[in-house]
file start09.txt (compact mmCIF, C-alpha atoms)
# COMPACT_ATOMS: atom_id res chain seq x y z
CA ARG G 1 7.66 7.63 26.99
CA SER G 2 4.97 5.07 26.45
CA THR G 3 5.03 2.81 23.43
CA VAL G 4 2.86 0.15 21.89
CA THR G 5 4.13 -2.94 20.12
CA ILE G 6 3.48 -3.17 16.42
CA ILE G 7 2.06 -6.66 16.79
CA ASP G 8 -0.44 -5.35 19.39
CA ILE G 9 -1.61 -2.66 16.96
CA PHE G 10 -2.31 -5.23 14.28
CA ASP G 11 -3.92 -7.65 16.73
CA HIS G 12 -6.21 -4.85 17.94
CA ILE G 13 -7.48 -4.08 14.43
CA GLY G 14 -7.77 -7.77 13.51
CA PHE G 15 -5.20 -7.72 10.72
CA LYS G 16 -2.35 -10.20 10.49
CA LEU G 17 1.01 -8.42 10.52
CA ASN G 18 2.35 -9.47 7.14
CA GLN G 19 4.82 -7.95 4.67
CA VAL G 20 2.39 -5.25 3.53
CA GLY G 21 1.82 -4.23 7.15
CA GLN G 22 5.55 -4.21 7.81
CA TRP G 23 6.11 -1.99 4.77
CA ALA G 24 3.38 0.37 5.97
CA VAL G 25 5.01 0.73 9.39
CA ALA G 26 8.51 1.03 7.92
CA ALA G 27 7.34 3.90 5.70
CA ILE G 28 7.24 6.22 8.72
CA GLN G 29 10.77 5.18 9.78
CA PRO G 30 10.08 4.40 13.45
CA ARG G 31 12.99 4.63 15.89
CA ARG G 32 12.36 1.17 17.32
CA LYS G 33 12.02 -2.06 15.40
CA ARG G 34 9.05 -3.56 17.26
CA GLU G 35 7.39 -0.58 18.95
CA LEU G 36 5.88 2.78 18.10
CA THR G 37 5.65 5.86 20.26
CA PHE G 38 2.30 7.63 20.29
CA SER G 39 3.46 10.24 17.77
CA GLU G 40 4.81 7.49 15.49
CA TYR G 41 1.49 5.65 15.80
CA VAL G 42 -0.44 8.78 14.78
CA HIS G 43 2.00 9.33 11.90
CA PHE G 44 1.53 5.70 10.76
CA VAL G 45 -2.26 5.86 10.84
CA CYS G 46 -2.51 9.27 9.14
CA TYR G 47 0.02 8.33 6.47
CA PHE G 48 -1.53 5.01 5.53
CA VAL G 49 -5.23 5.87 5.69
CA MET G 50 -4.78 8.93 3.46
CA LEU G 51 -3.32 6.95 0.54
CA SER G 52 -5.51 6.91 -2.55
CA ALA G 53 -5.63 3.75 -4.66
CA ARG G 54 -3.05 5.26 -7.01
CA ASP G 55 -0.82 6.26 -4.08
CA MET G 56 -1.24 2.77 -2.67
CA ALA G 57 -0.10 1.21 -5.95
CA ARG G 58 2.95 3.49 -6.01
CA PHE G 59 3.70 2.67 -2.37
CA LEU G 60 3.58 -1.08 -3.05
CA PHE G 61 5.60 -0.80 -6.25
CA THR G 62 8.32 1.21 -4.49
CA ALA G 63 8.39 -1.16 -1.51
CA GLN G 64 8.93 -4.14 -3.83
CA ASP G 65 11.54 -2.29 -5.94
CA THR G 66 14.23 -3.19 -3.41
CA ASP G 67 17.13 -2.40 -5.71
CA GLU G 68 15.64 1.08 -6.39
CA ARG G 69 15.90 0.86 -10.16
CA GLY G 70 12.43 2.21 -10.88
CA PHE G 71 11.11 -1.03 -12.33
CA LEU G 72 10.10 -4.53 -11.30
CA ARG G 73 11.50 -7.67 -12.82
CA ARG G 74 9.10 -10.55 -13.41
CA ASP G 75 10.19 -12.32 -10.20
CA GLN G 76 9.62 -9.15 -8.15
CA PHE G 77 6.16 -8.69 -9.69
CA VAL G 78 5.23 -12.31 -8.95
CA THR G 79 6.45 -11.97 -5.36
CA LEU G 80 4.45 -8.76 -4.91
CA ILE G 81 1.33 -10.32 -6.39
CA ASN G 82 1.64 -13.31 -4.05
CA LEU G 83 1.99 -10.98 -1.06
CA LEU G 84 -1.08 -9.03 -2.14
CA ALA G 85 -3.11 -12.17 -2.71
CA GLU G 86 -2.34 -13.62 0.72
CA GLY G 87 -5.66 -14.39 2.39
CA SER G 88 -7.68 -13.04 -0.54
CA PRO G 89 -10.34 -14.81 -2.59
CA PHE G 90 -8.58 -13.92 -5.85
CA ASN G 91 -6.77 -16.21 -8.27
CA VAL G 92 -3.11 -15.29 -7.87
CA LYS G 93 -2.03 -17.38 -10.87
CA GLN G 94 -4.24 -15.30 -13.13
CA TRP G 95 -2.57 -12.13 -11.80
CA GLU G 96 0.92 -13.60 -12.24
CA TYR G 97 0.26 -14.14 -15.95
CA GLN G 98 -0.63 -10.46 -16.27
CA PHE G 99 3.06 -9.51 -16.25
CA GLU G 100 3.15 -10.35 -19.96
CA THR G 101 0.39 -7.81 -20.60
CA TYR G 102 1.59 -5.10 -18.20
CA HIS G 103 5.30 -4.65 -18.84
CA ASP G 104 7.51 -2.71 -21.21
CA LYS G 105 7.88 -4.97 -24.24
CA LYS G 106 11.29 -3.62 -25.25
CA LEU G 107 12.92 -3.50 -21.81
CA LYS G 108 11.14 -6.58 -20.42
CA HIS G 109 10.46 -4.85 -17.08
CA GLN G 110 7.43 -3.38 -15.39
CA PHE G 111 7.50 0.34 -14.65
CA ILE G 112 5.13 2.23 -12.36
CA ALA G 113 2.85 3.19 -15.29
CA ASN G 114 2.58 -0.51 -16.21
CA PHE G 115 1.80 -1.41 -12.60
CA ASN G 116 -0.83 1.35 -12.40
CA ASP G 117 -2.45 -0.10 -15.53
CA PHE G 118 -2.39 -3.57 -13.97
CA VAL G 119 -4.05 -2.28 -10.78
CA ALA G 120 -6.64 -0.32 -12.79
CA GLN G 121 -7.64 -3.51 -14.61
CA ASN G 122 -7.31 -5.70 -11.49
CA PRO G 123 -8.55 -3.55 -8.58
CA GLY G 124 -8.75 -6.65 -6.39
CA ALA G 125 -4.95 -6.60 -6.29
CA LEU G 126 -5.23 -3.84 -3.69
CA TRP G 127 -7.71 -5.82 -1.61
CA GLN G 128 -5.28 -6.60 1.22
CA PRO G 129 -3.71 -3.14 1.70
CA GLN G 130 -7.13 -1.54 1.36
CA LEU G 131 -8.45 -3.90 4.04
CA LEU G 132 -5.61 -2.74 6.30
CA GLN G 133 -6.50 0.84 5.45
CA GLN G 134 -10.18 0.27 6.30
CA ARG G 135 -9.32 -1.40 9.61
CA LEU G 136 -7.03 1.47 10.57
CA LYS G 137 -9.80 3.94 9.72
CA LYS G 138 -12.42 1.98 11.66
CA TYR G 139 -10.35 1.75 14.83
CA ASN G 140 -8.95 5.30 14.63
CA LEU G 141 -11.73 7.92 14.52
CA GLY G 142 -13.94 5.91 12.18
CA ILE G 143 -14.32 5.36 8.46
CA GLN G 144 -16.65 8.36 7.97
CA TYR G 145 -14.11 10.71 9.58
CA TRP G 146 -11.33 9.64 7.22
CA ASP G 147 -13.54 9.58 4.13
CA LYS G 148 -14.66 13.13 4.93
CA LYS G 149 -11.02 14.17 5.44
CA MET G 150 -10.04 12.68 2.07
CA GLU G 151 -12.86 14.60 0.39
CA GLN G 152 -11.79 17.84 2.11
CA TYR G 153 -8.24 17.42 0.82
CA ARG G 154 -9.51 16.60 -2.67
CA VAL G 155 -11.54 19.83 -2.74
CA ILE G 156 -8.61 21.87 -1.43
CA ARG G 157 -6.29 20.43 -4.09
CA GLU G 158 -8.89 21.07 -6.77
CA ASN G 159 -9.41 24.68 -5.64
CA LEU G 160 -5.66 25.26 -5.65
CA GLY G 161 -5.31 23.68 -9.09
CA ILE G 162 -3.01 20.94 -7.83
CA LYS G 163 -2.98 17.79 -9.94
CA LEU G 164 -1.76 14.56 -8.45
CA LEU G 165 0.92 12.65 -10.33
call {"tool": "encode", "arguments": {"input": "start09.txt", "output": "structure tokens"}}
result
Amino acid sequence: RSTVTIIDIFDHIGFKLNQVGQWAVAAIQPRRKRELTFSEYVHFVCYFVMLSARDMARFLFTAQDTDERGFLRRDQFVTLINLLAEGSPFNVKQWEYQFETYHDKKLKHQFIANFNDFVAQNPGALWQPQLLQQRLKKYNLGIQYWDKKMEQYRVIRENLGIKLL
């Protein structure tokens, strides 16, 4: 069986293998730590490029929620924001202060709805994972192919009356 190293995949698309990239690869649960088989590679690309912005926010929230409690503490939010801001032109300190606005006031934690609100008001927070998504699209069948595929799935869901969470 032929494999490709994960670092070679990221080098090929011109994206530094960082924590977000590692989370994206880990999401498909590859058998090897540093390599993907062809079927795992296809799974990785298809999984990640088909994420909507809302799905992407949920993916990132869940990846950072390492203790699987369904919420982020302030320190987890700040760590996530710093990971997302890596290499971006955005002011990470301004995002860090947003925890006070986007958290449950009684429980002092941030739940997925709070994080979705944060991302909706700060769409640049998804800049890095969306850049990875665009690079994967570009180097795997092209951006137009994947955008058309996303639209086809949207229409199918709409016709079936399926509403996304």
call {"tool": "residues_around", "arguments": {"input": "start09.txt", "residues": "G:Gln22", "least_positions_apart": "4", "cutoff": "10 Å", "atoms": "all atoms listed in the file", "output": "list in words"}}
result
Ile6, Ile7, Leu17, Asn18, Ala26 and Ala27 of chain G
call {"tool": "residues_around", "arguments": {"input": "start09.txt", "residues": "G:Arg58", "least_positions_apart": "4", "cutoff": "10 Å", "atoms": "only C-alpha atoms", "output": "list in words"}}
result
Leu51, Ser52, Ala53, Arg54, Thr62, Ala63, Gln64, Ile112, Ala113, Phe115 and Asn116 of chain G
call {"tool": "write_last_selection", "arguments": {"input": "start09.txt", "atoms": "C-alpha atoms", "output": "PDB file, in the coordinates of the input"}}
result
ATOM      1  CA  LEU G  51      -3.320   6.950   0.540  1.00  0.00           C
ATOM      2  CA  SER G  52      -5.510   6.910  -2.550  1.00  0.00           C
ATOM      3  CA  ALA G  53      -5.630   3.750  -4.660  1.00  0.00           C
ATOM      4  CA  ARG G  54      -3.050   5.260  -7.010  1.00  0.00           C
ATOM      5  CA  THR G  62       8.320   1.210  -4.490  1.00  0.00           C
ATOM      6  CA  ALA G  63       8.390  -1.160  -1.510  1.00  0.00           C
ATOM      7  CA  GLN G  64       8.930  -4.140  -3.830  1.00  0.00           C
ATOM      8  CA  ILE G 112       5.130   2.230 -12.360  1.00  0.00           C
ATOM      9  CA  ALA G 113       2.850   3.190 -15.290  1.00  0.00           C
ATOM     10  CA  PHE G 115       1.800  -1.410 -12.600  1.00  0.00           C
ATOM     11  CA  ASN G 116      -0.830   1.350 -12.400  1.00  0.00           C
TER      12      ASN G 116
END
call {"tool": "residues_around", "arguments": {"input": "start09.txt", "residues": "G:Val78", "least_positions_apart": "3", "cutoff": "6 Å", "atoms": "all atoms listed in the file", "output": "PyMOL selection string"}}
result
chain G and resi 75+81+96
call {"tool": "closest_residue", "arguments": {"input": "start09.txt", "among": "G:Thr5, G:Val49, G:Thr37, G:Arg31", "to": "G:Lys148", "atoms": "only C-alpha atoms"}}
result
G:Val49
call {"tool": "residues_around", "arguments": {"input": "start09.txt", "residues": "G:Thr79", "least_positions_apart": "2", "cutoff": "12 Å", "atoms": "all atoms listed in the file", "output": "VMD selection string"}}
result
chain G and resid 19 to 20 60 to 61 63 to 66 72 to 77 81 to 86 92 to 93 95 to 96 99
call {"tool": "closest_residue", "arguments": {"input": "start09.txt", "among": "G:Leu107, G:Leu132, G:Met56, G:Ile162", "to": "G:Val119", "atoms": "only C-alpha atoms"}}
result
G:Met56
call {"tool": "atom_distance", "arguments": {"input": "start09.txt", "atom1": "atom CA of G:Ile143", "atom2": "atom CA of G:Glu40"}}
result
20.5 Å
call {"tool": "residues_around", "arguments": {"input": "start09.txt", "residues": "G:Phe118", "least_positions_apart": "4", "cutoff": "7 Å", "atoms": "all atoms listed in the file", "output": "ChimeraX atom specification"}}
result
/G:102,114,122
call {"tool": "atom_distance", "arguments": {"input": "start09.txt", "atom1": "atom CA of G:Gly21", "atom2": "atom CA of G:Pro129"}}
result
7.8 Å
call {"tool": "atom_distance", "arguments": {"input": "start09.txt", "atom1": "atom CA of G:Asp147", "atom2": "atom CA of G:Gly87"}}
result
25.3 Å
call {"tool": "axis_aligned_box", "arguments": {"input": "start09.txt", "around": "stretch 136-153 of chain G", "padding_each_side": "6 Å", "output": "lines of an AutoDock Vina configuration file"}}
result
center_x = -11.8
center_y = 9.7
center_z = 7.6
size_x = 21.6
size_y = 28.4
size_z = 26.4
call {"tool": "closest_residue", "arguments": {"input": "start09.txt", "among": "G:Arg154, G:Lys163, G:His103, G:Lys137", "to": "G:Cys46", "atoms": "all atoms listed in the file"}}
result
G:Lys137
call {"tool": "closest_residue", "arguments": {"input": "start09.txt", "among": "G:Val155, G:Leu141, G:Leu80, G:Val4", "to": "G:Gln128", "atoms": "all atoms listed in the file"}}
result
G:Leu80
call {"tool": "closest_residue", "arguments": {"input": "start09.txt", "among": "G:Ala125, G:Lys33, G:Asp117, G:Phe10", "to": "G:Pro89", "atoms": "all atoms listed in the file"}}
result
G:Ala125
call {"tool": "closest_residue", "arguments": {"input": "start09.txt", "among": "G:Ser2, G:Ser39, G:Met50, G:Asp8", "to": "G:Gln134", "atoms": "only C-alpha atoms"}}
result
G:Met50
